[in-house]
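S.K.: There's a structure below that I have some questions on.
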Amino acid sequence: MSQNKKSVVLTIDDEKEIRESFRNFLEDYNYTVLEAGNGRIGIQMIEDEKPDLVLVDLRMPGINGLDILKWAKENSPDTPIIVVSGTGIISDAIEALHLGACDYLIKPIEDLVVLQYAIDKSLERTRLIRENTAYQKHLESEIKRRTQELYESEKNYRLLIENQTDMIVKFDTEGRLIFVSPSYCKTFGKTQGELIGSKFPPFIPKEDRKKADKAISKTFKPPYTSRMEARTMTKEGLKWQAWINTAVLNENKEVIGIVASGRDINDRKTAEEILQHAQKLDSIGKLAGGVAHDFNNLLMPILGYTEMLLYEISSSDPRREDLKEIQKAALRSKDLIRQLLAFSRKQVLEMKSVNLGNVVNGIENMLKRTIRNNINLTINIPSSLDNIEADISQIEQVLLNLAINAQDAMPSGGDIIITASNISFDNESIKRSPELKPGPHVILEVSDTGVGMNAETLKHLFEPFFTTKKIGEGTGLGLSTVHGIIKQHNGSITVDSNPKKGTTFKIFFPKNDDITETIATNTNSYKNLTGNETIMVVEDDESVCKLICNCLEKQGYTVFEAKNGQECIKMMGKNKNNVHLLLSDVIMPGVDGQTLYKNLLNTRPGLKVIFMSGYTNKVIGKNDILDKDYPFVQKPILPHILLEKVRALLDI
């Protein structure tokens with residue numbers, strides 16, 4: 001939203017970190033940000049500073065968010081308030097909205113652009129309400145004045161109405177149109193002769209008719225005015241319109257007709273629907289993260305014990321094939337969870353040197369299951385591709401998004417072709433493409449034989465929420481997500497497309513020679529992973545803890561186990577033996593993993609640590625585990641990989 005002056009936003013929240021994060025973000029977008037640490041100070045600042053908008057926490061000591069909404073409803077009803085709550089209780093949201101809240105956001109807000117959009121939407125809605133109120137008052141005054149002059153100067157009345165950019169109509173007490181402004185005729189592509197005598201409001205879908213009739217009926221009794229928002233079939237399609245209906249009274253205060261003023265609000269309604277859909281997707285992502293954590297803890301014992309049994313039993317044992325089938329199914333489940341998290345953009349990122357061809361070939365079967373049967377998928381990847389530094393799950397998400405996008409462009413079927421090759425750019429060749437960097441690259445191409453795109457569509461292709469699909473058929477987030485992922489990988493993306501001639505996406509990844517691609521370790525390589533050191537395992541999931549301890553003890557390690565941080569501290573205080581390594585879950589009741597490690601370092605300097613978690617990147621990120629480069633493993637982890645990490649760290 002363009003602003004002629006800085007909008008003043010007041011944040012009322014008892015958490016200083018929340019206030020600071022909001023202030024740092026909003027000040028970058030030209031807002032003036034005020035802060036209040038509790039409800040009492042917040043109310044005083046609303047009275048004194050008169051902010052343009054208030055962000056209020058729902059749960060605070062003393063005067064809480066609902067109390068502030070109640071106070072504002074009586075004392076400052078024009079001040080828009082957005083509730084930012086750490087709870088998603090539906091009754092709280094309903095009560096907050098009933099008390100006049102403009103919006104209800106759930107903390108933590110993973111992408112503060114959503115907060116900015118909510119603020120802009122609320123400020124814009126407040127502005128429109130004030131404009132409409134002022135306009136209504138102006139119109140009511142104008143109608144009263146014009147009613148008195150109607151008998152003297154019908155010409156002046158018509159000049160006023162016919163030059164309005166808003167739509168103006170007049171209809172009798174039976175609802176029949178007796179006057180329509182030129183702007184109204186233009187909107188519906190009809191002449192005055194075609195519209196006069198028809199029922200107002202015309203061209204409204206059946207499901208909205210009852211709401212429109214109810215709004216008009218309110219105009220026949222004091223205060224003789226009403227508002228309504230309805231969808232209307234204009235010459236450009238179904239559009240949202242807002243109308244103010246005002247009764248025309250005679251000298252006996254009897255209704256003799258109604259004048260209605262309307263304007264197009266389709267852009268605002270569309271933006272609101274897009275935001276609501278985006279919030280639904282965010283909720284799905286949060287659900288996916290929670291499911292992944294629990295499912296990862298269930299998978300880890302299955303994968304772990306299966307691997308250990310495969311190592312222990314002989315190659316001729318007939319049960320070995322059964323175990324391999326169990327392992328195969330569990331690994332497929334692990335991949336499914338990883339792909340689910342890739343869709344929700346909540347997986348823990350793992351950048352490493354990979355061969356792009358291996359990534360494409362690895363997801364081929366999933367692509368074939370995803371796209372329709374009338375789509376022919378062709379993958380042509382040479383074996384001599386250079387390595388790139390990438391997160392495999394992110395690249396898989398790019399391929400899935402592009403394949404689904406190509407499928408949607410071919411409703412009657414067609415071809416999707418995926419190819420890759422090595423390419424190098426010099427300084428001269430990148431002048432036409434400033435996003436590219438000189439040097440060797442790997443290019444990934446995804447082509448389709450679909451309907452293609454025109455030049456205007458290509459201009460907006462990577463903009464968030466831009467879509468050529470009907471409402472409800474697409475979010476407009478797919479290609480903007482692809483663009484963001486490529487940028488995170490220091491790459492670039494171009495598009496070649498013409499109507500009816502298909503589309504080709506070209507993605508350029510810088511070549512990477514620093515790290516050798518990770519090769520899976522053979523599950524029979526336990527021999528070199530033994531040790532005699534002492535390890536403290538802290539894990540609140542009993543089955544996971546039992547698996548880890550069992551695995552370590554079989555390799556010769558002395559193992560102590562604790563179900564939480566408090567128990568670990570007590571055990572370490574009593575234990576006189578030297579503990580060489582702490583293997584701890586990150587998120588636990590009471591003392592979390594990082595706090596536990598810092599506490600133990602005070603008495604045991606030099607203690608080594610490996611953190612583990614089944615939670616998503618967003619949850620772990622709050623504990624700074626990833627940012628501080630602590631040794632970390634993501635559940636479910638296979639025993640041989642865990643043993644490798646333990647042995648490698650202890651050997652340092």
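Identifiers for the structure tokens are assigned positionally: chains receive A, B, ... in sequence, residues are indexed from 1 per chain, and ligands are indexed from 1 in the order shown.
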Please provide as JSON, numbers by chain all residues within 10 Å of region 368-381 of chain A, with the sequence filter that same-chain residues fewer than 6 positions apart are discarded (counting only C-alpha atoms).

M.R.: {"A": [356, 357, 358, 360, 361, 400, 403, 404, 406, 407, 408, 410, 411, 412, 413, 414, 415, 416, 417, 418, 419, 420, 421, 444, 446, 447, 448, 449]}

S.K.: Please produce an output containing C-alpha atoms for each residue in the selection, written as a PDB file, in the first residue's frame.

M.R.:
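For reference, result_20.pdb as written:
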ATOM      1  CA  LEU A 356      21.950 -32.896 -10.234  1.00  0.00           C
ATOM      2  CA  GLY A 357      21.360 -35.929 -12.429  1.00  0.00           C
ATOM      3  CA  ASN A 358      21.129 -38.177  -9.362  1.00  0.00           C
ATOM      4  CA  VAL A 360      16.410 -35.811 -10.996  1.00  0.00           C
ATOM      5  CA  ASN A 361      16.624 -39.570 -11.466  1.00  0.00           C
ATOM      6  CA  LEU A 400       7.640 -31.002  -8.516  1.00  0.00           C
ATOM      7  CA  ALA A 403       6.106 -30.450 -13.365  1.00  0.00           C
ATOM      8  CA  ILE A 404       2.708 -29.643 -11.829  1.00  0.00           C
ATOM      9  CA  ALA A 406       3.508 -27.816 -16.828  1.00  0.00           C
ATOM     10  CA  GLN A 407       0.730 -30.358 -16.308  1.00  0.00           C
ATOM     11  CA  ASP A 408      -1.808 -27.571 -15.650  1.00  0.00           C
ATOM     12  CA  MET A 410      -1.675 -29.166 -20.831  1.00  0.00           C
ATOM     13  CA  PRO A 411      -5.291 -30.047 -19.922  1.00  0.00           C
ATOM     14  CA  SER A 412      -5.557 -32.343 -22.960  1.00  0.00           C
ATOM     15  CA  GLY A 413      -2.176 -33.988 -22.434  1.00  0.00           C
ATOM     16  CA  GLY A 414       1.273 -33.416 -23.855  1.00  0.00           C
ATOM     17  CA  ASP A 415       4.985 -33.810 -23.121  1.00  0.00           C
ATOM     18  CA  ILE A 416       7.231 -32.753 -20.251  1.00  0.00           C
ATOM     19  CA  ILE A 417      10.940 -32.945 -21.057  1.00  0.00           C
ATOM     20  CA  ILE A 418      13.652 -32.582 -18.384  1.00  0.00           C
ATOM     21  CA  THR A 419      17.272 -32.204 -19.502  1.00  0.00           C
ATOM     22  CA  ALA A 420      20.529 -30.969 -17.973  1.00  0.00           C
ATOM     23  CA  SER A 421      24.012 -30.057 -19.182  1.00  0.00           C
ATOM     24  CA  LEU A 444      18.493 -27.690 -15.743  1.00  0.00           C
ATOM     25  CA  VAL A 446      12.061 -28.216 -17.861  1.00  0.00           C
ATOM     26  CA  SER A 447       9.992 -27.896 -21.065  1.00  0.00           C
ATOM     27  CA  ASP A 448       6.357 -28.573 -21.889  1.00  0.00           C
ATOM     28  CA  THR A 449       4.136 -28.521 -24.984  1.00  0.00           C
TER      29      THR A 449
END

S.K.: Just list the residues in region 96-337 of chain A DSSP gives helix (DSSP H, G or I) on the backbone, as a count of residues only.

M.R.: 142

S.K.: Name the residues in contact with Gly39 (chain A) at a cut-off of 8 Å, using only C-alpha atoms, excluding same-chain residues fewer than 4 positions from it; report them as a count of residues only.

M.R.: 9

S.K.: Rank A:Leu601, A:Val495, A:Ile485, A:Val354 by their smallest atom-to-atom distance to Leu461 (chain A), using only C-alpha atoms, and report the top residue only.

M.R.: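 Result for the nearest residue to Leu461 (chain A): A:Val495.
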
S.K.: Determine which residues of region 394-429 of chain A receive a DSSP assignment of strand (DSSP E or B), computed from the backbone, and state them as a list in words.

M.R.: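 Across region 394-429 of chain A, those assigned strand (DSSP E or B) are Gly414, Asp415, Ile416, Ile417, Ile418, Thr419, Ala420, Ser421, Asn422, Ile423, Ser424 and Phe425 of chain A.
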
S.K.: Tell me, in Å to one decimal, how far CA of Leu99 (chain A) is from CA of Leu66 (chain A).

M.R.: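 Interatomic distance here is 7.7 Å.
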
S.K.: Residues near Ile423 (chain A), anyone? I mean within 6 Å using only C-alpha atoms, not counting same-chain ones fewer than 3 positions away, as a count of residues only.

M.R.: 3

S.K.: Please list as a PyMOL selection string every residue within 12 Å of Ala93 (chain A), counting only C-alpha atoms and excluding residues in the same chain fewer than 3 positions away.

M.R.: chain A and resi 58+65-66+82-90+96-106

S.K.: Need to verify the contact set: Arg209 (chain A), 12 Å, only C-alpha atoms, exclusion of same-chain residues closer than 4 positions in sequence. Can you return it as an mmCIF file with N, CA and C atoms, in the first residue's frame?

M.R.:
data_model
loop_
_atom_site.group_PDB
_atom_site.id
_atom_site.type_symbol
_atom_site.label_atom_id
_atom_site.label_comp_id
_atom_site.auth_asym_id
_atom_site.auth_seq_id
_atom_site.Cartn_x
_atom_site.Cartn_y
_atom_site.Cartn_z
ATOM 1 N N LYS A 199 -35.335 -4.850 -12.374
ATOM 2 C CA LYS A 199 -35.299 -4.916 -10.915
ATOM 3 C C LYS A 199 -33.887 -4.640 -10.415
ATOM 4 N N PHE A 200 -33.765 -3.807 -9.364
ATOM 5 C CA PHE A 200 -32.457 -3.552 -8.762
ATOM 6 C C PHE A 200 -32.285 -4.443 -7.526
ATOM 7 N N PRO A 201 -31.097 -4.973 -7.291
ATOM 8 C CA PRO A 201 -29.940 -4.937 -8.186
ATOM 9 C C PRO A 201 -29.994 -6.098 -9.175
ATOM 10 N N PRO A 202 -29.750 -5.816 -10.441
ATOM 11 C CA PRO A 202 -29.774 -6.887 -11.443
ATOM 12 C C PRO A 202 -28.447 -7.645 -11.477
ATOM 13 N N PHE A 203 -28.408 -8.735 -12.221
ATOM 14 C CA PHE A 203 -27.176 -9.472 -12.510
ATOM 15 C C PHE A 203 -26.478 -10.023 -11.265
ATOM 16 N N ILE A 204 -27.261 -10.324 -10.210
ATOM 17 C CA ILE A 204 -26.685 -10.868 -8.976
ATOM 18 C C ILE A 204 -26.932 -12.376 -8.938
ATOM 19 N N PRO A 205 -25.916 -13.172 -8.601
ATOM 20 C CA PRO A 205 -26.115 -14.620 -8.504
ATOM 21 C C PRO A 205 -27.209 -14.966 -7.497
ATOM 22 N N ASP A 213 -31.565 -8.299 -1.096
ATOM 23 C CA ASP A 213 -32.946 -7.896 -0.800
ATOM 24 C C ASP A 213 -33.090 -7.457 0.654
ATOM 25 N N LYS A 214 -32.388 -8.133 1.555
ATOM 26 C CA LYS A 214 -32.446 -7.774 2.972
ATOM 27 C C LYS A 214 -31.857 -6.388 3.207
ATOM 28 N N ALA A 215 -30.746 -6.080 2.520
ATOM 29 C CA ALA A 215 -30.125 -4.759 2.680
ATOM 30 C C ALA A 215 -31.046 -3.653 2.183
ATOM 31 N N ILE A 216 -31.723 -3.880 1.061
ATOM 32 C CA ILE A 216 -32.616 -2.857 0.508
ATOM 33 C C ILE A 216 -33.830 -2.652 1.411
ATOM 34 N N MET A 228 -24.357 -2.694 1.489
ATOM 35 C CA MET A 228 -24.282 -4.094 1.097
ATOM 36 C C MET A 228 -23.078 -4.309 0.194
ATOM 37 N N GLU A 229 -22.525 -5.526 0.275
ATOM 38 C CA GLU A 229 -21.477 -5.974 -0.634
ATOM 39 C C GLU A 229 -21.987 -7.232 -1.316
ATOM 40 N N ALA A 230 -21.918 -7.254 -2.625
ATOM 41 C CA ALA A 230 -22.460 -8.389 -3.373
ATOM 42 C C ALA A 230 -21.668 -8.595 -4.648
ATOM 43 N N ARG A 231 -21.687 -9.832 -5.124
ATOM 44 C CA ARG A 231 -21.083 -10.130 -6.419
ATOM 45 C C ARG A 231 -22.089 -9.836 -7.522
ATOM 46 N N THR A 232 -21.597 -9.233 -8.584
ATOM 47 C CA THR A 232 -22.474 -8.841 -9.680
ATOM 48 C C THR A 232 -21.823 -9.222 -11.003
#

S.K.: Name all residues at most 12 Å from Thr79 (chain A) (count only C-alpha atoms; drop same-chain ones fewer than 6 positions away) and give them as a ChimeraX atom specification.

M.R.: /A:8-10,43,46-47,49-55,68-69,71-73,100-102,122-123,125-127,129-130

S.K.: For CA of Gly502 (chain A) and CA of Leu402 (chain A), determine how far apart the two atoms are, in Å to one decimal place.

M.R.: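 Between CA of Gly502 (chain A) and CA of Leu402 (chain A) the gap works out to 13.1 Å.
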
S.K.: So how many Å separate CA of Thr165 (chain A) and CA of Leu249 (chain A), to one decimal?

M.R.: 24.9 Å

S.K.: Using only C-alpha atoms for the distances, tell me which of A:Glu254, A:Asp585, A:Glu110, A:Asp496 is nearest to Val537 (chain A).

M.R.: A:Asp585
